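Scroll down for the structure; my scribbles are underneath it.
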Amino acid sequence: MDAAIAGTSVSSPQPTQLIFEDGLGERRFATGPAGEPLEVLKLSAALSAVSSFDFALRERAARLAGFRHDSYGRVRSIELDRRTSALLVTSDYVPGIRLSTLLAETQKRGLSLEFNAVRHLVRQLVTASAALYAAAPDVGNGAIALERLVVT
C-alpha cells in the first residue's frame, strides 16, 4: 500500500496544466519522481470541508490498493494540501479523450455514432464495473459520468 494512502506524508508531485474541472474538483497534469505522467485531483472545498470525508476516502483507497484493472487509474497517494486544506488525490494519468467531449464533437460535426463502437464502449464500462464489484461488492462507483470516462 502506498504510504500516503495509509495516512503518512510523502512528497507530492507539483501539478501543472489543468486537465479537467467538475463538481468533484480540478484535475491537473503532474510528473512523478521517475518522470511518469500523473494526475492530481484537488477535491472541491465542499468535499474537503466534510470532516469524515478524509477518513472515508483513505479507507476506501486502502481497501482498493490491491485492485488492478486496465480500465481504472491507480491511486498513488492522498494528501492534505496544508495551504488550502484541500484533499489531493494523485493517480496514474490516463491519456485519452473524455466521453462527453467525444459525444459533443460528434454532435457538433453532425456525425452519427457507429453501433459497434458504442457497443464496445458499453461492454468495457460494464466489464470494468463488474470487476470493481467483484473486488469490493460493497463499494460503488458513484462518480461514473460521461465527463469522467476517458476513451483511450
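Here, A, B, ... name the chains of the C-alpha cells in the order displayed, residue numbers run from 1 inside each chain, and ligands are numbered from 1 in the same displayed order.
Residues lying within 7 Å of region 25-39 of chain A, counting only C-alpha atoms and ignoring same-chain neighbours fewer than 4 positions away, are Pro13, Gln14, Pro15, Thr16, Gln17, Leu18, Ile19, Phe20, Glu21, Leu43, Ser44, Thr90, Ser91, Asp92 and Tyr93 of chain A.
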Go ahead and save the residues from that selection, with all heavy atoms, as a short mmCIF file (atom, residue, chain, number, x, y, z; two decimals), in the first residue's frame.
data_model
loop_
_atom_site.label_atom_id
_atom_site.label_comp_id
_atom_site.auth_asym_id
_atom_site.auth_seq_id
_atom_site.Cartn_x
_atom_site.Cartn_y
_atom_site.Cartn_z
N PRO A 13 3.92 15.34 -6.23
CA PRO A 13 4.33 16.00 -7.46
C PRO A 13 3.66 17.36 -7.57
O PRO A 13 2.60 17.58 -7.00
CB PRO A 13 3.83 15.06 -8.55
CG PRO A 13 2.72 14.29 -7.92
CD PRO A 13 3.05 14.21 -6.46
N GLN A 14 4.31 18.27 -8.26
CA GLN A 14 3.75 19.60 -8.44
C GLN A 14 2.85 19.61 -9.66
O GLN A 14 3.32 19.47 -10.78
CB GLN A 14 4.88 20.63 -8.60
CG GLN A 14 5.70 20.81 -7.33
CD GLN A 14 4.85 21.20 -6.15
OE1 GLN A 14 4.05 22.13 -6.22
NE2 GLN A 14 4.98 20.48 -5.05
N PRO A 15 1.53 19.80 -9.44
CA PRO A 15 0.60 19.83 -10.56
C PRO A 15 0.84 21.05 -11.45
O PRO A 15 1.21 22.11 -10.97
CB PRO A 15 -0.77 19.90 -9.91
CG PRO A 15 -0.58 19.80 -8.45
CD PRO A 15 0.87 19.94 -8.17
N THR A 16 0.60 20.88 -12.74
CA THR A 16 0.80 21.98 -13.67
C THR A 16 -0.48 22.23 -14.45
O THR A 16 -1.41 22.79 -13.93
CB THR A 16 1.98 21.66 -14.62
OG1 THR A 16 1.72 20.43 -15.30
CG2 THR A 16 3.30 21.55 -13.87
N GLN A 17 -0.53 21.81 -15.67
CA GLN A 17 -1.62 22.09 -16.61
C GLN A 17 -2.97 21.54 -16.14
O GLN A 17 -3.09 20.38 -15.76
CB GLN A 17 -1.26 21.49 -17.96
CG GLN A 17 -2.33 21.56 -18.99
CD GLN A 17 -1.96 20.76 -20.23
OE1 GLN A 17 -0.87 20.23 -20.34
NE2 GLN A 17 -2.87 20.68 -21.16
N LEU A 18 -4.01 22.40 -16.18
CA LEU A 18 -5.36 21.97 -15.84
C LEU A 18 -5.87 21.04 -16.94
O LEU A 18 -5.84 21.37 -18.11
CB LEU A 18 -6.29 23.18 -15.72
CG LEU A 18 -7.74 22.88 -15.34
CD1 LEU A 18 -7.83 22.30 -13.93
CD2 LEU A 18 -8.58 24.14 -15.44
N ILE A 19 -6.33 19.85 -16.53
CA ILE A 19 -6.85 18.86 -17.47
C ILE A 19 -8.37 18.97 -17.56
O ILE A 19 -8.94 18.98 -18.64
CB ILE A 19 -6.47 17.43 -17.03
CG1 ILE A 19 -4.97 17.25 -16.99
CG2 ILE A 19 -7.12 16.40 -17.93
CD1 ILE A 19 -4.54 15.94 -16.37
N PHE A 20 -9.01 19.06 -16.39
CA PHE A 20 -10.47 19.00 -16.36
C PHE A 20 -10.95 19.49 -15.01
O PHE A 20 -10.28 19.30 -14.00
CB PHE A 20 -10.92 17.55 -16.58
CG PHE A 20 -12.40 17.38 -16.63
CD1 PHE A 20 -13.13 17.78 -17.74
CD2 PHE A 20 -13.08 16.81 -15.58
CE1 PHE A 20 -14.51 17.62 -17.79
CE2 PHE A 20 -14.45 16.64 -15.61
CZ PHE A 20 -15.17 17.05 -16.73
N GLU A 21 -12.14 20.09 -14.99
CA GLU A 21 -12.72 20.55 -13.73
C GLU A 21 -14.21 20.22 -13.74
O GLU A 21 -14.89 20.41 -14.74
CB GLU A 21 -12.51 22.05 -13.57
CG GLU A 21 -12.93 22.59 -12.23
CD GLU A 21 -12.51 24.03 -12.02
OE1 GLU A 21 -11.95 24.65 -12.95
OE2 GLU A 21 -12.74 24.53 -10.92
N LEU A 43 -9.68 17.96 -4.66
CA LEU A 43 -11.10 17.83 -4.38
C LEU A 43 -11.71 19.18 -4.01
O LEU A 43 -11.05 20.03 -3.41
CB LEU A 43 -11.32 16.81 -3.28
CG LEU A 43 -11.06 15.36 -3.72
CD1 LEU A 43 -10.93 14.44 -2.53
CD2 LEU A 43 -12.17 14.88 -4.64
N SER A 44 -12.96 19.36 -4.36
CA SER A 44 -13.64 20.62 -4.12
C SER A 44 -13.66 20.95 -2.63
O SER A 44 -13.60 20.06 -1.78
CB SER A 44 -15.08 20.56 -4.65
OG SER A 44 -15.86 19.72 -3.83
N THR A 90 -3.58 11.81 -5.91
CA THR A 90 -2.65 11.63 -7.02
C THR A 90 -2.83 10.21 -7.57
O THR A 90 -2.83 9.24 -6.81
CB THR A 90 -1.20 11.83 -6.56
OG1 THR A 90 -1.07 13.15 -6.02
CG2 THR A 90 -0.22 11.67 -7.72
N SER A 91 -3.00 10.12 -8.88
CA SER A 91 -3.21 8.82 -9.53
C SER A 91 -2.46 8.77 -10.85
O SER A 91 -1.93 9.78 -11.32
CB SER A 91 -4.70 8.57 -9.74
OG SER A 91 -5.24 9.56 -10.57
N ASP A 92 -2.43 7.58 -11.42
CA ASP A 92 -1.84 7.43 -12.75
C ASP A 92 -2.62 8.29 -13.73
O ASP A 92 -3.85 8.38 -13.65
CB ASP A 92 -1.90 5.97 -13.21
CG ASP A 92 -1.03 5.05 -12.38
OD1 ASP A 92 -0.08 5.54 -11.73
OD2 ASP A 92 -1.30 3.84 -12.37
N TYR A 93 -1.93 8.90 -14.66
CA TYR A 93 -2.58 9.68 -15.72
C TYR A 93 -3.04 8.72 -16.80
O TYR A 93 -2.30 7.83 -17.23
CB TYR A 93 -1.60 10.69 -16.30
CG TYR A 93 -2.14 11.41 -17.51
CD1 TYR A 93 -3.10 12.39 -17.38
CD2 TYR A 93 -1.69 11.09 -18.79
CE1 TYR A 93 -3.62 13.05 -18.48
CE2 TYR A 93 -2.19 11.75 -19.91
CZ TYR A 93 -3.15 12.73 -19.75
OH TYR A 93 -3.66 13.38 -20.83
#
- Using backbone DSSP assignments, extract all strand (DSSP E or B) residues from region 29-84 of chain A; output them as JSON, numbers by chain. {"A": [29, 30, 31, 37, 38, 39, 40, 41, 42, 43, 75, 76, 77, 78, 79, 80, 81]}
- Who sits within 9 Å of region 47-49 of chain A, only C-alpha atoms, same chain under 3 positions skipped, as number ranges by chain: A: 24-25, 43-44, 52-54, 85-87
- Message: Just checking: using only C-alpha atoms, which residue out of A:Ala136, A:Ala117, A:Ala131, A:Val126 ends up closest to Ala61 (chain A)?
- Response: A:Ala136
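Put simply, CA of Arg98 (chain A) is 7.2 Å away from CA of Leu146 (chain A).
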- Message: When you count only C-alpha atoms, which of these residues is closest to Ala128 (chain A): A:Leu88, A:Tyr72, A:Ala46, A:Leu103?
- Response: A:Tyr72
Find the spatial neighbours of Ala135 (chain A), counting only C-alpha atoms, within a cut-off of 9 Å - ignore same-chain residues fewer than 3 positions away - and output them as a CSV table (one decimal) with C-alpha atoms, in the first residue's frame.
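Ended up saving to selection_31.csv:
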chain,number,residue,atom,x,y,z
A,64,LEU,CA,-8.8,-1.0,-3.1
A,67,PHE,CA,-7.2,-3.7,-7.1
A,130,ALA,CA,-18.2,-5.8,-12.7
A,131,ALA,CA,-14.5,-6.1,-11.9
A,132,LEU,CA,-14.8,-3.3,-9.3
A,139,VAL,CA,-18.1,-0.2,-2.9
- Query: Between A:Asp22, A:Val94, A:Val89, A:Thr84, which is the closest to Ser71 (chain A) once you count only C-alpha atoms?
  - Reply: A:Val94
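Pairwise distance (CA of Glu59 (chain A), CA of Gly140 (chain A)) equals 13.8 Å.
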